[in-house]
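To be precise, the following lines are input_25.cif, and they hold mmCIF, C-alpha atoms.
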data_model
#
loop_
_atom_site.label_atom_id
_atom_site.label_comp_id
_atom_site.auth_asym_id
_atom_site.auth_seq_id
_atom_site.Cartn_x
_atom_site.Cartn_y
_atom_site.Cartn_z
CA MET N 1 107.94 -148.22 135.33
CA LYS N 2 111.60 -148.81 134.62
CA HIS N 3 113.32 -146.46 132.23
CA ILE N 4 114.45 -149.15 129.81
CA VAL N 5 110.83 -150.30 129.50
CA LYS N 6 109.85 -146.75 128.52
CA ILE N 7 112.55 -146.63 125.86
CA MET N 8 111.59 -150.06 124.53
CA ALA N 9 107.97 -148.98 124.35
CA LEU N 10 108.96 -145.90 122.39
CA LEU N 11 111.02 -148.00 119.96
CA VAL N 12 108.19 -150.49 119.53
CA ALA N 13 105.78 -147.65 118.80
CA LEU N 14 108.17 -146.22 116.20
CA SER N 15 108.65 -149.64 114.57
CA ALA N 16 104.91 -150.20 114.45
CA PHE N 17 104.52 -146.85 112.74
CA TRP N 18 107.25 -147.76 110.24
CA ILE N 19 105.75 -151.15 109.49
CA SER N 20 102.35 -149.58 108.99
CA LEU N 21 103.94 -147.16 106.53
CA LEU N 22 105.39 -150.14 104.67
CA GLN N 23 102.08 -151.98 104.57
CA THR N 24 99.87 -149.11 103.55
CA SER N 25 102.34 -147.79 100.96
CA VAL N 26 101.65 -144.13 101.70
CA LEU N 27 105.22 -143.42 100.59
CA PRO N 28 107.11 -145.30 97.87
CA GLU N 29 108.65 -148.51 99.25
CA SER N 30 112.24 -147.56 98.52
CA TYR N 31 111.95 -144.49 100.77
CA THR N 32 110.16 -146.34 103.54
CA TRP N 33 112.87 -149.02 103.76
CA LEU N 34 115.48 -146.36 104.35
CA LEU N 35 113.52 -144.40 106.97
CA PRO N 36 115.17 -146.02 110.03
CA PHE N 37 118.62 -145.11 108.72
CA TYR N 38 117.55 -141.55 108.05
CA PHE N 39 116.15 -141.36 111.56
CA ILE N 40 119.33 -142.66 113.21
CA VAL N 41 121.59 -140.45 111.12
CA SER N 42 119.51 -137.35 111.80
CA LEU N 43 119.49 -138.17 115.51
CA GLY N 44 123.28 -138.46 115.44
CA CYS N 45 123.60 -135.17 113.57
CA TYR N 46 121.29 -133.45 116.02
CA GLY N 47 123.33 -134.78 118.92
CA LEU N 48 126.57 -133.51 117.38
CA LEU N 49 124.96 -130.16 116.69
CA MET N 50 123.87 -129.87 120.31
CA VAL N 51 127.37 -130.75 121.50
CA GLY N 52 128.78 -128.04 119.25
CA VAL N 53 126.24 -125.43 120.28
CA GLY N 54 126.73 -126.29 123.94
CA LEU N 55 130.48 -126.01 123.55
CA MET N 56 130.18 -122.57 122.01
CA ARG N 57 127.80 -121.39 124.71
CA PHE N 58 129.67 -123.06 127.56
CA PRO N 59 129.43 -120.71 130.55
CA THR N 60 132.80 -119.65 131.90
CA CYS N 61 133.65 -117.54 134.88
CA PRO N 62 137.23 -116.27 134.84
CA GLN N 63 136.42 -113.59 137.41
CA GLU N 64 135.56 -116.30 139.89
CA ALA N 65 139.17 -117.50 140.00
CA ILE N 66 140.27 -113.99 140.98
CA LEU N 67 137.56 -113.72 143.63
CA LEU N 68 138.59 -117.10 144.96
CA GLN N 69 142.21 -116.02 145.30
CA GLU N 70 141.08 -112.92 147.19
CA ASP N 71 138.97 -115.11 149.47
CA ILE N 72 141.96 -117.38 150.09
CA VAL N 73 144.14 -114.44 151.09
CA GLU N 74 141.45 -113.11 153.44
CA ALA N 75 140.92 -116.53 154.99
CA LYS N 76 144.62 -117.14 155.52
CA GLY N 77 144.99 -113.77 157.21
CA PHE N 78 142.11 -114.39 159.59
CA LEU N 79 143.10 -117.94 160.49
CA LYS N 80 146.75 -117.08 161.05
CA GLY N 81 145.57 -114.51 163.55
CA LYS N 82 143.58 -117.17 165.36
CA GLY N 83 146.46 -119.58 165.58
CA VAL N 84 145.51 -122.08 162.89
CA ASP N 85 148.43 -123.37 160.88
CA VAL N 86 147.85 -122.28 157.26
CA GLY N 87 151.15 -123.24 155.72
CA SER N 88 150.71 -124.50 152.18
CA ASP N 89 150.59 -128.24 151.54
CA MET Y 1 115.92 -109.80 150.60
CA GLU Y 2 116.31 -111.53 153.95
CA ALA Y 3 114.51 -114.50 155.35
CA LYS Y 4 114.40 -115.91 158.80
CA GLU Y 5 114.42 -119.67 158.71
CA GLU Y 6 112.95 -121.51 161.63
CA LYS Y 7 114.38 -124.52 163.33
CA ASN Y 8 116.14 -126.07 160.35
CA LYS Y 9 119.57 -127.41 160.99
CA TYR Y 10 121.97 -127.94 158.12
CA SER Y 11 124.69 -130.56 158.40
CA ILE Y 12 127.46 -129.90 155.90
CA ILE Y 13 129.38 -133.09 155.13
CA VAL Y 14 132.86 -132.52 153.71
CA PRO Y 15 134.86 -135.66 152.85
CA THR Y 16 138.58 -134.86 152.90
CA TYR Y 17 141.79 -136.53 151.93
CA ASN Y 18 145.01 -134.52 152.09
CA GLU Y 19 143.21 -131.20 152.22
CA ARG Y 20 145.21 -129.65 154.99
CA LEU Y 21 145.03 -126.10 153.74
CA ASN Y 22 141.73 -126.23 151.89
CA ILE Y 23 139.68 -127.49 154.82
CA ALA Y 24 140.67 -124.48 156.90
CA LEU Y 25 139.79 -122.11 154.05
CA ILE Y 26 136.47 -123.85 153.50
CA VAL Y 27 135.51 -123.69 157.16
CA TYR Y 28 136.33 -119.98 157.27
CA LEU Y 29 134.27 -119.30 154.14
CA ILE Y 30 131.30 -121.32 155.40
CA PHE Y 31 131.27 -119.34 158.60
CA LYS Y 32 131.65 -116.10 156.67
CA HIS Y 33 128.64 -116.76 154.49
CA LEU Y 34 126.33 -118.62 156.86
CA HIS Y 35 127.11 -117.39 160.33
CA ILE Y 36 125.49 -113.98 160.28
CA VAL Y 37 124.06 -113.26 163.67
CA ALA Y 38 121.02 -111.00 163.60
CA ASN Y 39 121.18 -107.55 165.15
CA SER Y 40 124.85 -107.62 165.87
CA ALA Y 41 127.35 -104.88 165.21
CA SER Y 42 129.49 -107.13 163.10
CA ALA Y 43 126.54 -108.14 160.93
CA THR Y 44 126.63 -104.99 158.80
CA ALA Y 45 130.34 -105.40 158.28
CA GLN Y 46 129.83 -109.01 157.31
CA LEU Y 47 127.06 -108.11 154.90
CA ALA Y 48 129.17 -105.45 153.28
CA SER Y 49 131.97 -107.89 152.67
CA ILE Y 50 129.85 -110.48 150.99
CA THR Y 51 129.87 -109.83 147.27
CA LEU Y 52 126.46 -109.61 145.69
CA HIS Y 53 126.85 -112.48 143.34
CA THR Y 54 124.00 -114.86 143.67
CA GLN Y 55 120.58 -114.11 142.42
CA CYS Y 56 117.49 -115.20 144.29
CA THR Y 57 114.87 -115.83 141.66
CA PRO Y 58 111.33 -115.60 142.88
CA ARG Y 59 109.34 -118.74 143.31
CA SER Y 60 108.67 -120.20 139.90
CA ALA Y 61 105.05 -121.05 139.42
CA CYS Y 62 105.51 -124.58 138.18
CA LEU Y 63 101.98 -124.99 136.88
CA PHE Y 64 102.52 -128.23 135.08
CA ARG Y 65 104.99 -129.78 137.42
CA LYS Y 66 102.61 -132.29 138.92
CA TRP Y 67 101.17 -133.17 135.54
CA LYS Y 68 104.60 -133.25 133.95
CA HIS Y 69 105.65 -135.89 136.45
CA LYS Y 70 102.53 -137.93 135.75
CA LEU Y 71 103.11 -137.67 132.02
CA LEU Y 72 106.74 -138.60 132.48
CA CYS Y 73 105.68 -141.74 134.25
CA LEU Y 74 103.51 -142.63 131.31
CA GLY Y 75 106.41 -141.98 128.97
CA ILE Y 76 104.55 -139.40 126.95
CA LEU Y 77 106.79 -136.79 125.37
CA VAL Y 78 109.64 -137.40 127.70
CA PHE Y 79 112.28 -137.67 125.03
CA PRO Y 80 111.56 -134.39 123.27
CA THR Y 81 111.18 -132.21 126.33
CA SER Y 82 114.10 -133.58 128.27
CA PHE Y 83 116.42 -133.73 125.30
CA LEU Y 84 115.38 -130.38 123.91
CA ARG Y 85 115.09 -128.54 127.18
CA SER Y 86 118.61 -129.33 128.12
CA THR Y 87 120.16 -128.87 124.74
CA PHE Y 88 118.07 -126.51 122.64
CA PRO Y 89 118.66 -122.79 123.16
CA VAL Y 90 114.97 -122.01 122.74
CA SER Y 91 112.36 -124.67 123.25
CA PRO Y 92 110.04 -125.18 120.30
CA VAL Y 93 106.57 -123.72 120.50
CA VAL Y 94 104.87 -127.07 120.20
CA PHE Y 95 106.30 -128.27 123.50
CA CYS Y 96 105.79 -125.04 125.39
CA PHE Y 97 102.49 -126.23 126.73
CA PHE Y 98 104.21 -128.98 128.66
CA TYR Y 99 107.41 -127.09 129.31
CA ALA Y 100 107.83 -126.03 132.91
CA LYS Y 101 110.73 -123.64 132.99
CA ARG Y 102 113.13 -124.16 135.82
CA SER Y 103 113.73 -121.01 137.80
CA SER Y 104 117.46 -121.25 137.19
CA ASP Y 105 116.81 -120.71 133.47
CA LEU Y 106 115.06 -117.39 133.97
CA PRO Y 107 116.84 -114.34 132.63
CA PHE Y 108 119.12 -112.58 135.00
CA ARG Y 109 117.30 -110.44 137.53
CA ALA Y 110 118.72 -107.59 139.53
CA HIS Y 111 121.34 -108.65 142.01
CA VAL Y 112 119.62 -109.50 145.25
CA PRO Y 113 121.90 -110.54 148.05
CA CYS Y 114 121.08 -113.93 149.43
CA VAL Y 115 121.42 -113.34 153.11
CA LEU Y 116 120.07 -115.56 155.79
CA ARG Y 117 120.35 -114.78 159.44
CA ASN Y 118 120.67 -117.26 162.27
CA VAL Y 119 121.25 -120.31 160.13
CA ASN Y 120 121.81 -123.26 162.39
CA PHE Y 121 124.49 -125.45 160.87
CA GLU Y 122 127.31 -127.85 161.63
CA ILE Y 123 130.24 -129.03 159.58
CA ILE Y 124 131.09 -132.73 159.57
CA VAL Y 125 134.59 -133.45 158.32
CA VAL Y 126 135.00 -137.07 157.25
CA ASP Y 127 138.71 -137.56 156.90
CA ASP Y 128 140.03 -140.80 155.43
CA GLY Y 129 143.25 -141.02 157.39
CA SER Y 130 145.11 -138.22 155.61
CA PRO Y 131 148.86 -138.47 156.10
CA ASP Y 132 149.42 -134.71 155.78
CA GLY Y 133 147.89 -133.75 159.11
CA THR Y 134 144.41 -132.65 158.03
CA GLN Y 135 142.96 -133.88 161.29
CA GLU Y 136 145.29 -131.71 163.38
CA ILE Y 137 144.18 -128.66 161.41
CA VAL Y 138 140.53 -129.59 162.03
CA LYS Y 139 141.24 -129.85 165.74
CA GLN Y 140 142.76 -126.34 165.68
CA LEU Y 141 139.65 -125.11 163.86
CA GLN Y 142 137.49 -126.72 166.52
CA LYS Y 143 139.27 -124.61 169.13
CA VAL Y 144 138.47 -121.47 167.15
CA TYR Y 145 134.88 -122.19 166.18
CA GLY Y 146 133.65 -124.66 168.75
CA GLU Y 147 133.31 -128.41 168.85
CA ASP Y 148 129.55 -128.23 168.48
CA ARG Y 149 129.96 -126.54 165.10
CA ILE Y 150 132.78 -128.61 163.64
CA LEU Y 151 132.58 -132.36 164.03
CA LEU Y 152 135.60 -134.43 163.13
CA ARG Y 153 134.62 -137.98 162.29
CA PRO Y 154 137.70 -139.65 160.81
CA ARG Y 155 138.07 -143.05 159.27
CA PRO Y 156 141.18 -145.23 159.24
CA LYS Y 157 141.83 -145.17 155.50
CA LYS Y 158 140.40 -144.28 152.10
CA LEU Y 159 137.17 -146.19 151.86
CA GLY Y 160 135.28 -144.40 149.11
CA LEU Y 161 132.93 -141.48 148.71
CA GLY Y 162 129.62 -143.24 149.20
CA THR Y 163 130.69 -144.76 152.48
CA ALA Y 164 132.08 -141.36 153.53
CA TYR Y 165 128.63 -139.85 153.04
CA MET Y 166 126.98 -142.67 154.93
CA HIS Y 167 129.47 -142.27 157.75
CA GLY Y 168 128.83 -138.52 157.91
CA LEU Y 169 125.10 -139.10 157.74
CA LYS Y 170 125.22 -141.28 160.86
CA HIS Y 171 126.68 -138.36 162.80
CA ALA Y 172 124.51 -135.65 161.27
CA ASN Y 173 122.14 -133.92 163.69
CA GLY Y 174 120.41 -131.67 161.22
CA ASN Y 175 117.27 -132.25 159.18
CA PHE Y 176 119.08 -131.12 156.02
CA VAL Y 177 122.38 -132.37 154.67
CA VAL Y 178 124.69 -130.49 152.31
CA ILE Y 179 127.46 -132.33 150.54
CA MET Y 180 130.37 -130.53 148.97
CA ASP Y 181 133.94 -131.09 147.88
CA ALA Y 182 136.86 -129.99 150.00
CA ASP Y 183 139.12 -128.83 147.20
CA LEU Y 184 137.66 -125.31 146.91
CA SER Y 185 136.00 -126.10 143.56
CA HIS Y 186 132.69 -125.61 145.36
CA HIS Y 187 132.53 -122.17 146.93
CA PRO Y 188 130.56 -121.88 150.19
CA LYS Y 189 129.13 -118.55 149.06
CA TYR Y 190 126.39 -120.48 147.26
CA LEU Y 191 125.16 -122.12 150.45
CA PRO Y 192 122.65 -119.33 151.24
CA SER Y 193 121.17 -119.61 147.73
CA PHE Y 194 120.76 -123.37 148.17
CA ILE Y 195 118.99 -122.85 151.47
CA LYS Y 196 116.88 -120.05 150.09
CA LYS Y 197 115.82 -122.13 147.10
CA GLN Y 198 114.80 -124.99 149.34
CA LEU Y 199 112.78 -122.69 151.60
CA GLU Y 200 111.04 -121.08 148.64
CA THR Y 201 110.11 -124.24 146.81
CA GLY Y 202 110.06 -126.90 149.52
CA ALA Y 203 112.22 -129.14 147.36
CA SER Y 204 113.63 -132.42 148.64
CA ILE Y 205 116.90 -131.96 146.77
CA VAL Y 206 118.58 -128.78 145.59
CA THR Y 207 121.47 -129.43 143.25
CA GLY Y 208 124.09 -127.04 141.97
CA THR Y 209 124.46 -126.88 138.21
CA ARG Y 210 127.45 -125.52 136.34
CA TYR Y 211 125.92 -125.61 132.90
CA VAL Y 212 123.26 -122.91 133.05
CA LYS Y 213 123.47 -119.15 132.72
CA GLY Y 214 124.69 -117.73 136.00
CA GLY Y 215 126.85 -120.73 136.62
CA GLY Y 216 130.06 -121.64 134.94
CA VAL Y 217 133.37 -123.38 134.97
CA HIS Y 218 136.88 -122.02 135.08
CA GLY Y 219 140.08 -123.92 134.47
CA TRP Y 220 138.88 -126.36 131.82
CA ASN Y 221 140.56 -126.58 128.45
CA LEU Y 222 138.70 -127.26 125.22
CA MET Y 223 139.04 -131.05 125.36
CA ARG Y 224 137.68 -131.14 128.87
CA LYS Y 225 134.72 -128.97 127.93
CA LEU Y 226 134.08 -131.14 124.89
CA THR Y 227 134.03 -134.38 126.86
CA SER Y 228 131.87 -132.79 129.51
CA ARG Y 229 129.37 -131.49 126.98
CA GLY Y 230 129.34 -134.76 125.02
CA ALA Y 231 128.82 -136.74 128.21
CA ASN Y 232 126.00 -134.43 129.23
CA VAL Y 233 124.18 -134.74 125.88
CA LEU Y 234 124.57 -138.52 125.94
CA ALA Y 235 123.27 -138.77 129.48
CA GLN Y 236 120.32 -136.48 128.73
CA THR Y 237 119.38 -138.54 125.64
CA LEU Y 238 119.64 -141.90 127.36
CA LEU Y 239 118.43 -141.20 130.85
CA TRP Y 240 116.05 -138.18 130.69
CA PRO Y 241 117.07 -137.24 134.22
CA GLY Y 242 115.36 -133.87 134.66
CA VAL Y 243 118.50 -132.10 135.85
CA SER Y 244 121.09 -130.35 133.74
CA ASP Y 245 124.20 -131.32 135.71
CA LEU Y 246 124.37 -135.00 136.59
CA THR Y 247 127.90 -135.34 137.92
CA GLY Y 248 127.88 -132.29 140.14
CA SER Y 249 128.42 -133.00 143.81
CA PHE Y 250 127.35 -129.75 145.45
CA ARG Y 251 123.90 -130.62 146.73
CA LEU Y 252 121.43 -130.03 149.52
CA TYR Y 253 119.29 -132.97 150.54
CA LYS Y 254 116.60 -133.49 153.11
CA LYS Y 255 118.13 -135.96 155.51
CA SER Y 256 115.40 -138.57 155.04
CA VAL Y 257 115.68 -138.33 151.26
CA LEU Y 258 119.45 -138.81 151.34
CA GLU Y 259 119.14 -141.84 153.59
CA ASP Y 260 116.56 -143.33 151.26
CA VAL Y 261 118.53 -142.71 148.06
CA ILE Y 262 121.97 -143.61 149.33
CA SER Y 263 120.92 -147.05 150.50
CA SER Y 264 120.02 -148.06 146.95
CA CYS Y 265 123.21 -146.83 145.22
CA VAL Y 266 126.11 -149.13 144.43
CA SER Y 267 128.41 -147.19 142.08
CA LYS Y 268 131.67 -145.50 142.91
CA GLY Y 269 133.20 -142.10 142.16
CA TYR Y 270 131.30 -139.55 140.14
CA VAL Y 271 129.01 -142.23 138.69
CA PHE Y 272 127.78 -142.46 142.28
CA GLN Y 273 126.68 -138.82 142.12
CA MET Y 274 124.88 -139.53 138.84
CA GLU Y 275 123.21 -142.59 140.28
CA MET Y 276 121.96 -140.68 143.31
CA ILE Y 277 120.31 -137.93 141.32
CA VAL Y 278 118.85 -140.31 138.73
CA ARG Y 279 117.39 -142.59 141.41
CA ALA Y 280 115.98 -139.60 143.24
CA SER Y 281 114.44 -138.36 140.01
CA ARG Y 282 112.88 -141.75 139.28
CA GLN Y 283 111.36 -141.92 142.71
CA GLY Y 284 109.68 -138.63 142.07
CA TYR Y 285 111.44 -136.39 144.58
CA HIS Y 286 111.14 -132.66 143.97
CA ILE Y 287 114.52 -131.53 142.64
CA GLU Y 288 115.47 -127.89 142.12
CA GLU Y 289 118.62 -126.38 140.64
CA VAL Y 290 120.80 -123.45 141.53
CA PRO Y 291 123.57 -122.08 139.27
CA ILE Y 292 127.02 -122.44 140.79
CA THR Y 293 130.48 -121.64 139.59
CA PHE Y 294 133.17 -124.26 139.59
CA VAL Y 295 136.82 -123.29 139.73
CA ASP Y 296 138.70 -126.45 138.97
CA ARG Y 297 141.74 -127.35 141.02
CA VAL Y 298 143.49 -124.39 142.50
CA TYR Y 299 146.62 -126.52 142.36
CA GLY Y 300 147.45 -129.14 139.75
CA SER Y 301 145.16 -130.32 137.01
CA SER Y 302 142.39 -132.87 137.03
CA LYS Y 303 142.99 -135.60 134.53
CA LEU Y 304 140.32 -137.19 132.44
CA GLY Y 305 141.78 -140.29 130.85
CA GLY Y 306 140.36 -143.05 128.71
CA SER Y 307 139.61 -145.26 131.67
CA GLU Y 308 137.34 -142.58 133.17
CA ILE Y 309 135.41 -142.34 129.92
CA VAL Y 310 134.92 -146.12 129.84
CA GLU Y 311 133.87 -145.99 133.48
CA TYR Y 312 131.34 -143.29 132.65
CA LEU Y 313 129.85 -145.22 129.72
CA LYS Y 314 129.56 -148.35 131.83
CA GLY Y 315 127.84 -146.28 134.51
CA LEU Y 316 125.40 -144.85 131.98
CA LEU Y 317 124.49 -148.30 130.70
CA TYR Y 318 124.04 -149.58 134.21
CA LEU Y 319 121.73 -146.69 135.05
CA LEU Y 320 119.84 -147.12 131.80
CA VAL Y 321 119.06 -150.72 132.57
CA THR Y 322 118.54 -150.69 136.30
CA THR Y 323 116.74 -147.44 137.11
#
Write-out of the structure in structure tokens:
Amino acid sequence: MKHIVKIMALLVALSAFWISLLQTSVLPESYTWLLPFYFIVSLGCYGLLMVGVGLMRFPTCPQEAILLQEDIVEAKGFLKGKGVDVGSD
Amino acid sequence: MEAKEEKNKYSIIVPTYNERLNIALIVYLIFKHLHIVANSASATAQLASITLHTQCTPRSACLFRKWKHKLLCLGILVFPTSFLRSTFPVSPVVFCFFYAKRSSDLPFRAHVPCVLRNVNFEIIVVDDGSPDGTQEIVKQLQKVYGEDRILLRPRPKKLGLGTAYMHGLKHANGNFVVIMDADLSHHPKYLPSFIKKQLETGASIVTGTRYVKGGGVHGWNLMRKLTSRGANVLAQTLLWPGVSDLTGSFRLYKKSVLEDVISSCVSKGYVFQMEMIVRASRQGYHIEEVPITFVDRVYGSSKLGGSEIVEYLKGLLYLLVTT
């Protein structure tokens, strides 16, 4: 099943649920009419929250840069000894 | 923890363009971390010099993996688990029943050196006609390490990443293919953990992820991290891919899987990497992840302009509609 079909199916299911809420008047009509907007806004807020949380918890590895420089020095030393040209580009 | 692996050959494809110095460093590091000959006097010295950095997590009992895939195909609770798993710090209790934790998410275990002996591998350098003499350096490396270990398969000019992989694939003799970048952002020290993960789980694709604990990025400023994180959340919401790092290009594939996936991809650049992993995920291949560290650009700075963002959004929409 294609992905877009899955998403469409999900949206159709949500709309059917919303329309059924409208018809059966479980909630007052004025609230029910605004439900899609609430849903989209809350989804957007959740997305922004996740971006913020992810940014704060972004994994960094400053020690890796140092290890890499050490590896570069070791590699250059070895290769120079074997006759490979390791002049910088 | 050591493991003997039997009769698997790993072809490491490295596309290069003007990487005169880096290709030599990469080849040295690959040999340092993969070429450990059993029972030799130099083996102990080699082992001592390899820093204990990677963790080998034990095989994760993915109880619901088969059922999760079936449920995913039916579209049941895909959105919450994929969205929440990748973005929420702690997954809600209600979805725990269907939540199959990836082994890369497990809390940090004691350092266990990932050491593999007698790994049979070859390095395929696909050079796109570099003007700075990369091919001469590769020929010098062939004299040091042997022409059966380093294959130089150049092309006349820059023809794109996807075609570089296809070109390298034609010359690959192994049953596994590793792709990595030649600019030292991908460190060869993670190669044993890729191989180990594949042997433990029997996965078709093992991809390196920079966004989980144990991995990481160095050299990115705040704007870059923000765009990366925003792009990741957007891609997870729209595509539900099942992997945490879509644009990463440090991956291990089974050769047959790579041939199958690459033939159906049409994008260019890093959207190509995204398309490969999303198509592989849709076709139901077993994908595992390994944390890797990414040190961006030893020299210079990678730019992320407006055109790249537009490119990315177009790629996302294309993948949304066609996969």
* When you get a sec, could you note down which chain Y residues fall within 6 Å of chain N, using only C-alpha atoms, as JSON, numbers by chain? => {"Y": [21, 25, 75, 87, 140, 216, 217, 218, 229, 230, 321, 323]}
* Find the spatial neighbours of Gly162 in chain Y, counting all atoms listed in the file, within a cut-off of 9 Å - ignore same-chain residues fewer than 2 positions away - and output them as JSON, numbers by chain. => {"Y": [159, 160, 164, 165, 166, 167, 262, 265, 266, 267, 268, 269, 272, 273]}
* **Shortest interatomic distance to Gln135 in chain Y - which of Y:Leu161, Y:Leu191, Y:Ile150, Y:Leu320, counting all atoms listed in the file** => Y:Ile150
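Here CA of Leu316 in chain Y is placed at a distance of 18.7 Å from CA of Leu43 in chain N.
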* Residues within 7 Å of (122.9, -122.3, 136.4), file coords, all atoms listed in the file, listed as number ranges by chain -> Y: 104-105, 209-215, 290-292
* Asked: Applied to this file, what does the PyMOL selection byres ((chain Y and resi 171) around 10) return in terms of residues, put as a PyMOL selection string?
  -> chain Y and resi 11+13+124+151-153+166-170+172-174
* **One-decimal distance in Å that lies between CA of Met276 in chain Y and CA of Val206 in chain Y** =>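 These two atoms are separated by 12.6 Å.
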